[in-house]
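Next comes target.pdb, a file with PDB, C-alpha atoms and all ligand atoms.
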ATOM      1  CA  MET B   1       9.164  13.110  21.235
ATOM      2  CA  GLU B   2      11.880  10.675  22.044
ATOM      3  CA  ILE B   3      15.206  10.082  20.393
ATOM      4  CA  ILE B   4      15.824   6.370  20.278
ATOM      5  CA  ARG B   5      19.349   6.445  18.918
ATOM      6  CA  THR B   6      22.141   8.820  18.058
ATOM      7  CA  THR B   7      25.102   7.982  15.862
ATOM      8  CA  GLY B   8      27.046  11.140  15.225
ATOM      9  CA  GLU B   9      24.899  13.333  13.024
ATOM     10  CA  ARG B  10      22.517  10.513  12.253
ATOM     11  CA  PHE B  11      19.535   9.885  14.414
ATOM     12  CA  ALA B  12      16.071   8.476  14.296
ATOM     13  CA  SER B  13      13.479  10.657  15.904
ATOM     14  CA  VAL B  14      10.275   9.023  16.864
ATOM     15  CA  LEU B  15       7.048  10.471  18.034
ATOM     16  CA  LEU B  16       5.269   8.188  20.423
ATOM     17  CA  GLU B  17       1.693   8.643  19.432
ATOM     18  CA  GLY B  18      -0.937   6.249  20.656
ATOM     19  CA  GLY B  19       1.910   3.931  21.542
ATOM     20  CA  PHE B  20       3.129   3.865  17.948
ATOM     21  CA  PRO B  21       6.547   5.277  17.193
ATOM     22  CA  LEU B  22       6.471   7.234  13.968
ATOM     23  CA  ILE B  23       9.628   8.056  12.085
ATOM     24  CA  LEU B  24      10.081  11.787  11.647
ATOM     25  CA  ASN B  25      13.440  11.587   9.958
ATOM     26  CA  TYR B  26      12.918   9.536   6.804
ATOM     27  CA  ASN B  27      16.093  10.732   5.129
ATOM     28  CA  ASP B  28      18.452   8.571   7.061
ATOM     29  CA  LEU B  29      18.295   5.100   5.577
ATOM     30  CA  GLU B  30      20.497   3.657   8.297
ATOM     31  CA  SER B  31      18.219   5.021  11.020
ATOM     32  CA  THR B  32      15.142   3.806   9.203
ATOM     33  CA  THR B  33      16.600   0.330   8.925
ATOM     34  CA  PHE B  34      17.493   0.462  12.582
ATOM     35  CA  PHE B  35      13.950   1.533  13.419
ATOM     36  CA  VAL B  36      12.383  -1.289  11.449
ATOM     37  CA  GLU B  37      14.681  -3.833  13.028
ATOM     38  CA  THR B  38      14.216  -2.426  16.510
ATOM     39  CA  CYS B  39      10.491  -1.814  16.836
ATOM     40  CA  GLN B  40       8.949  -5.226  17.090
ATOM     41  CA  MET B  41       5.337  -6.201  17.597
ATOM     42  CA  LYS B  42       3.575  -9.404  18.509
ATOM     43  CA  VAL B  43       1.970 -11.429  15.733
ATOM     44  CA  LEU B  44      -0.303 -14.433  16.124
ATOM     45  CA  THR B  45       0.247 -16.792  13.213
ATOM     46  CA  CYS B  46      -1.679 -19.900  12.239
ATOM     47  CA  THR B  47       1.397 -21.952  11.391
ATOM     48  CA  SER B  48      -0.537 -25.032  10.256
ATOM     49  CA  PRO B  49      -4.079 -26.353  10.769
ATOM     50  CA  GLY B  50      -4.769 -26.606  14.503
ATOM     51  CA  SER B  51      -1.735 -24.573  15.530
ATOM     52  CA  PHE B  52      -1.233 -20.927  16.502
ATOM     53  CA  GLU B  53       2.104 -19.404  17.393
ATOM     54  CA  TYR B  54       3.131 -16.006  18.744
ATOM     55  CA  THR B  55       6.100 -14.485  16.977
ATOM     56  CA  GLU B  56       7.620 -11.040  16.711
ATOM     57  CA  GLN B  57       7.732  -9.007  13.551
ATOM     58  CA  ALA B  58       8.922  -5.534  12.602
ATOM     59  CA  MET B  59       6.249  -2.915  13.089
ATOM     60  CA  PRO B  60       4.884  -1.469   9.852
ATOM     61  CA  VAL B  61       6.214   1.857   8.679
ATOM     62  CA  LEU B  62       3.889   4.360   7.080
ATOM     63  CA  SER B  63       4.163   4.043   3.317
ATOM     64  CA  LYS B  64       2.635   5.759   0.338
ATOM     65  CA  SER B  65      -1.158   5.567   0.140
ATOM     66  CA  HIS B  66      -1.344   3.317   3.191
ATOM     67  CA  ALA B  67      -2.701   3.644   6.712
ATOM     68  CA  ILE B  68      -1.409   2.289  10.008
ATOM     69  CA  ILE B  69      -4.034   0.881  12.391
ATOM     70  CA  LYS B  70      -3.510  -0.240  15.965
ATOM     71  CA  ILE B  71      -5.697  -3.316  16.266
ATOM     72  CA  LYS B  72      -8.227  -3.239  19.101
ATOM     73  CA  ARG B  73     -10.697  -5.993  18.287
ATOM     74  CA  ILE B  74     -10.849  -8.906  15.849
ATOM     75  CA  GLY B  75     -14.008 -10.668  14.777
ATOM     76  CA  ILE B  76     -13.789 -14.436  14.298
ATOM     77  CA  CYS B  77     -16.011 -15.887  11.601
ATOM     78  CA  GLY B  78     -16.490 -19.189   9.811
ATOM     79  CA  THR B  79     -13.671 -18.460   7.394
ATOM     80  CA  ASP B  80     -11.238 -18.221  10.315
ATOM     81  CA  LEU B  81     -12.577 -21.387  11.912
ATOM     82  CA  HIS B  82     -12.251 -23.328   8.662
ATOM     83  CA  ALA B  83      -8.743 -21.967   8.195
ATOM     84  CA  PHE B  84      -7.848 -23.155  11.682
ATOM     85  CA  GLU B  85      -9.400 -26.551  10.997
ATOM     86  CA  GLY B  86      -7.625 -26.868   7.676
ATOM     87  CA  THR B  87     -10.881 -27.143   5.744
ATOM     88  CA  GLN B  88     -10.641 -23.786   3.975
ATOM     89  CA  PRO B  89      -9.388 -24.444   0.430
ATOM     90  CA  TYR B  90      -8.124 -20.896  -0.180
ATOM     91  CA  PHE B  91      -5.577 -20.921   2.627
ATOM     92  CA  ASN B  92      -1.875 -21.471   2.601
ATOM     93  CA  TYR B  93       0.143 -21.777   5.818
ATOM     94  CA  PRO B  94       1.623 -20.160   7.716
ATOM     95  CA  ARG B  95      -0.998 -17.393   7.603
ATOM     96  CA  VAL B  96      -1.907 -14.526   9.913
ATOM     97  CA  LEU B  97      -5.689 -14.660  10.141
ATOM     98  CA  GLY B  98      -8.084 -11.811  10.896
ATOM     99  CA  HIS B  99     -10.160  -9.858   8.413
ATOM    100  CA  GLU B 100     -12.990  -8.460  10.560
ATOM    101  CA  LEU B 101     -11.133  -5.757  12.339
ATOM    102  CA  ALA B 102     -11.472  -2.585  14.352
ATOM    103  CA  GLY B 103      -8.721  -0.389  15.640
ATOM    104  CA  GLU B 104      -7.320   3.027  16.243
ATOM    105  CA  LEU B 105      -6.150   4.979  13.228
ATOM    106  CA  ILE B 106      -2.538   5.898  13.939
ATOM    107  CA  ASP B 107      -1.710   7.651  10.694
ATOM    108  CA  ALA B 108      -2.283   7.542   6.969
ATOM    109  CA  ASP B 109      -0.319   8.745   4.020
ATOM    110  CA  GLY B 110      -1.768  11.827   2.425
ATOM    111  CA  ALA B 111      -3.314  13.113   5.644
ATOM    112  CA  THR B 112      -3.938  16.405   3.940
ATOM    113  CA  GLY B 113      -4.374  14.983   0.466
ATOM    114  CA  ALA B 114      -6.717  12.952  -1.651
ATOM    115  CA  THR B 115      -6.307   9.587   0.016
ATOM    116  CA  PHE B 116      -7.182  11.032   3.378
ATOM    117  CA  ALA B 117      -9.875  13.426   2.303
ATOM    118  CA  ASP B 118     -12.788  11.737   4.012
ATOM    119  CA  ASP B 119     -12.161  13.503   7.290
ATOM    120  CA  PHE B 120     -10.370  10.609   8.917
ATOM    121  CA  LYS B 121      -8.715  11.707  12.096
ATOM    122  CA  LYS B 122      -5.778  10.227  13.933
ATOM    123  CA  GLY B 123      -7.044   8.370  16.954
ATOM    124  CA  GLU B 124     -10.508   7.596  15.610
ATOM    125  CA  VAL B 125     -11.793   4.043  15.685
ATOM    126  CA  VAL B 126     -11.994   2.642  12.171
ATOM    127  CA  THR B 127     -12.656  -0.576  10.359
ATOM    128  CA  LEU B 128     -11.697  -1.542   6.842
ATOM    129  CA  ILE B 129     -12.880  -3.318   3.740
ATOM    130  CA  PRO B 130     -10.522  -6.310   3.604
ATOM    131  CA  TYR B 131     -10.649  -6.697  -0.178
ATOM    132  CA  PHE B 132      -7.608  -5.180  -1.834
ATOM    133  CA  ASN B 133      -7.680  -4.697  -5.578
ATOM    134  CA  CYS B 134      -4.615  -4.183  -7.752
ATOM    135  CA  GLY B 135      -5.708  -0.976  -9.449
ATOM    136  CA  SER B 136      -4.184  -1.892 -12.787
ATOM    137  CA  CYS B 137      -5.960  -4.930 -14.288
ATOM    138  CA  ILE B 138      -8.698  -4.539 -16.879
ATOM    139  CA  ALA B 139     -11.439  -4.784 -14.240
ATOM    140  CA  CYS B 140      -9.827  -2.148 -12.034
ATOM    141  CA  ARG B 141      -9.273   0.116 -15.001
ATOM    142  CA  SER B 142     -12.949  -0.322 -15.848
ATOM    143  CA  ASP B 143     -13.869   0.895 -12.355
ATOM    144  CA  LYS B 144     -14.946  -2.597 -11.264
ATOM    145  CA  PRO B 145     -12.490  -3.267  -8.434
ATOM    146  CA  ASN B 146     -14.672  -6.061  -7.047
ATOM    147  CA  CYS B 147     -13.899  -8.020 -10.237
ATOM    148  CA  CYS B 148     -10.136  -7.483  -9.933
ATOM    149  CA  VAL B 149      -8.292 -10.513 -11.286
ATOM    150  CA  ASN B 150      -5.615 -10.044  -8.624
ATOM    151  CA  LEU B 151      -7.975  -9.491  -5.704
ATOM    152  CA  GLU B 152      -6.392 -10.214  -2.323
ATOM    153  CA  VAL B 153      -8.429 -10.670   0.832
ATOM    154  CA  PHE B 154      -6.681  -9.503   3.982
ATOM    155  CA  GLY B 155      -6.298 -12.424   6.362
ATOM    156  CA  VAL B 156      -7.115 -14.962   3.651
ATOM    157  CA  HIS B 157      -4.801 -14.659   0.647
ATOM    158  CA  ILE B 158      -2.364 -12.386   2.455
ATOM    159  CA  ASP B 159      -1.524 -12.004   6.140
ATOM    160  CA  GLY B 160      -4.290 -10.291   8.102
ATOM    161  CA  GLY B 161      -4.950  -8.495  11.336
ATOM    162  CA  MET B 162      -3.916 -10.740  14.218
ATOM    163  CA  LYS B 163      -1.055  -8.402  15.027
ATOM    164  CA  GLU B 164      -0.605  -5.292  17.079
ATOM    165  CA  TYR B 165      -0.378  -2.952  14.083
ATOM    166  CA  ILE B 166      -1.324  -3.344  10.450
ATOM    167  CA  SER B 167      -0.602  -1.419   7.298
ATOM    168  CA  VAL B 168      -3.446  -1.382   4.782
ATOM    169  CA  PRO B 169      -4.312   0.628   1.677
ATOM    170  CA  ALA B 170      -5.765   3.949   2.781
ATOM    171  CA  TYR B 171      -8.706   3.464   0.401
ATOM    172  CA  SER B 172      -9.881   0.520   2.500
ATOM    173  CA  LEU B 173     -10.550   2.623   5.619
ATOM    174  CA  VAL B 174     -14.093   3.037   6.866
ATOM    175  CA  HIS B 175     -15.260   5.359   9.614
ATOM    176  CA  GLY B 176     -16.379   3.614  12.773
ATOM    177  CA  GLY B 177     -19.460   5.792  12.967
ATOM    178  CA  GLY B 178     -19.130   6.057  16.732
ATOM    179  CA  LEU B 179     -19.385   2.322  17.309
ATOM    180  CA  PRO B 180     -17.043   0.887  19.927
ATOM    181  CA  ALA B 181     -14.276  -1.346  18.556
ATOM    182  CA  GLU B 182     -15.793  -4.513  19.997
ATOM    183  CA  THR B 183     -19.033  -3.894  18.109
ATOM    184  CA  LEU B 184     -17.372  -2.594  14.995
ATOM    185  CA  ALA B 185     -15.117  -5.634  14.537
ATOM    186  CA  TRP B 186     -17.912  -8.133  14.165
ATOM    187  CA  GLN B 187     -20.071  -5.709  12.222
ATOM    188  CA  SER B 188     -17.336  -5.054   9.704
ATOM    189  CA  ARG B 189     -18.387  -7.940   7.502
ATOM    190  CA  TRP B 190     -19.525  -6.114   4.435
ATOM    191  CA  PRO B 191     -21.708  -4.357   3.598
ATOM    192  CA  SER B 192     -23.439  -4.427   6.951
ATOM    193  CA  VAL B 193     -21.172  -1.867   8.564
ATOM    194  CA  HIS B 194     -22.684   0.870   6.489
ATOM    195  CA  MET B 195     -26.167  -0.010   7.631
ATOM    196  CA  VAL B 196     -25.302  -0.640  11.242
ATOM    197  CA  SER B 197     -23.098   2.396  11.677
ATOM    198  CA  GLY B 198     -26.017   4.553  10.645
ATOM    199  CA  ALA B 199     -28.594   2.737  12.725
ATOM    200  CA  PRO B 200     -29.556   3.337  16.325
ATOM    201  CA  MET B 201     -28.150   0.652  18.584
TER     202      MET B 201
HETATM  203 ZN    ZN J 301     -15.483 -13.156   7.869
HETATM  204 ZN    ZN J 302      -7.190  -5.314 -10.455
END
How does the structure come out when it is put into structure tokens?
Ligand SMILES: [Zn+2]
Ligand SMILES: [Zn+2]
Amino acid sequence: MEIIRTTGERFASVLLEGGFPLILNYNDLESTTFFVETCQMKVLTCTSPGSFEYTEQAMPVLSKSHAIIKIKRIGICGTDLHAFEGTQPYFNYPRVLGHELAGELIDADGATGATFADDFKKGEVVTLIPYFNCGSCIACRSDKPNCCVNLEVFGVHIDGGMKEYISVPAYSLVHGGGLPAETLAWQSRWPSVHMVSGAPM
């Protein structure tokens, strides 16, 4: 554990775990703000067709029903190439690309509760389903999240995984099944990961 700042009685305690500083003291808004402003990470952004730019951004903080992943490998597919070329009609710029991802699970909300019940463990290599549904539209309420009218694809409609850490809905996590990150990233295009993770390599 390392104390990164003290201001009288107020302090932000962080636990350096897998390189990721986790806030232990959530009650101090000032410290939390300081933490968010202080802990920066590198982000690779496609600023316009044909152009990438490294910038810094505040590291994600663990939030309700979400998971923090330290990115290890990123698969590049045709969608990314078209986005880079400017021939992908669903893209707006600037956009952080990256939707075929593998990384180390740093933490997830509800580690002992329902959202984390599938035996996910801190430190395990995971991938994710990059399709995020809203949970409240008529399709979601009818248990058809793939038909969500507000569906957002990570790295397409919203900023994706070309950053050091990402925050994603905990429901999107998928066990790596023992695959190394470099294999898992390019196998994470769905639904193949299920088949491959269970198959002998
Ligand atoms: Zn893809
Ligand atoms: Zn929905």
Exercise. What is the atom CA of B:Glu85 to atom CA of B:Phe154 distance in Å?
Worked result: 18.6 Å
For this session: Grab the atom CA of B:Met59 to atom CA of B:Val43 distance for me, in Å with one decimal place.
Result: 9.9 Å
Return as a tab-separated table the residues of chain B lying at most 12 Å from ligand ZN 301 (chain J), together with the closest atom-to-atom pair for each and the distance in Å to one decimal, counting only C-alpha atoms and all ligand atoms, with rows in chain order and ascending residue number.
residue	atom	partner	partner_atom	distance
B:Ile74	CA	J:ZN301	ZN	10.2
B:Gly75	CA	J:ZN301	ZN	7.5
B:Ile76	CA	J:ZN301	ZN	6.8
B:Cys77	CA	J:ZN301	ZN	4.7
B:Gly78	CA	J:ZN301	ZN	6.4
B:Thr79	CA	J:ZN301	ZN	5.6
B:Asp80	CA	J:ZN301	ZN	7.0
B:Leu81	CA	J:ZN301	ZN	9.6
B:His82	CA	J:ZN301	ZN	10.7
B:Ala83	CA	J:ZN301	ZN	11.1
B:Leu97	CA	J:ZN301	ZN	10.2
B:Gly98	CA	J:ZN301	ZN	8.1
B:His99	CA	J:ZN301	ZN	6.3
B:Glu100	CA	J:ZN301	ZN	6.0
B:Leu101	CA	J:ZN301	ZN	9.7
B:Ile129	CA	J:ZN301	ZN	11.0
B:Pro130	CA	J:ZN301	ZN	9.5
B:Tyr131	CA	J:ZN301	ZN	11.4
B:Val153	CA	J:ZN301	ZN	10.3
B:Phe154	CA	J:ZN301	ZN	10.3
B:Gly155	CA	J:ZN301	ZN	9.3
B:Val156	CA	J:ZN301	ZN	9.5
B:Gly160	CA	J:ZN301	ZN	11.6
B:Ala185	CA	J:ZN301	ZN	10.1
B:Trp186	CA	J:ZN301	ZN	8.4
B:Gln187	CA	J:ZN301	ZN	9.8
B:Ser188	CA	J:ZN301	ZN	8.5
B:Arg189	CA	J:ZN301	ZN	6.0
B:Trp190	CA	J:ZN301	ZN	8.8
B:Pro191	CA	J:ZN301	ZN	11.6
B:Ser192	CA	J:ZN301	ZN	11.8
Using all atoms listed in the file, what are the residues with an atom within 10 Å of ligand ZN 302 (chain J), set out as a short mmCIF file (atom, residue, chain, number, x, y, z; two decimals) with C-alpha atoms, in the coordinates of the input?
data_model
loop_
_atom_site.label_atom_id
_atom_site.label_comp_id
_atom_site.auth_asym_id
_atom_site.auth_seq_id
_atom_site.Cartn_x
_atom_site.Cartn_y
_atom_site.Cartn_z
CA PHE B 132 -7.61 -5.18 -1.83
CA ASN B 133 -7.68 -4.70 -5.58
CA CYS B 134 -4.62 -4.18 -7.75
CA GLY B 135 -5.71 -0.98 -9.45
CA SER B 136 -4.18 -1.89 -12.79
CA CYS B 137 -5.96 -4.93 -14.29
CA ILE B 138 -8.70 -4.54 -16.88
CA ALA B 139 -11.44 -4.78 -14.24
CA CYS B 140 -9.83 -2.15 -12.03
CA ARG B 141 -9.27 0.12 -15.00
CA SER B 142 -12.95 -0.32 -15.85
CA ASP B 143 -13.87 0.90 -12.36
CA LYS B 144 -14.95 -2.60 -11.26
CA PRO B 145 -12.49 -3.27 -8.43
CA ASN B 146 -14.67 -6.06 -7.05
CA CYS B 147 -13.90 -8.02 -10.24
CA CYS B 148 -10.14 -7.48 -9.93
CA VAL B 149 -8.29 -10.51 -11.29
CA ASN B 150 -5.62 -10.04 -8.62
CA LEU B 151 -7.98 -9.49 -5.70
CA GLU B 152 -6.39 -10.21 -2.32
#
For this session: Could you tell me which of B:Lys163, B:Lys72, B:His175, B:His157 comes closest to B:Pro89 if we count all atoms listed in the file?
Result: B:His157
Problem set entry | Length of the atom CA of B:Glu124 to atom CA of B:Lys42 vector [Å] |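 Interatomic distance here is 22.3 Å.
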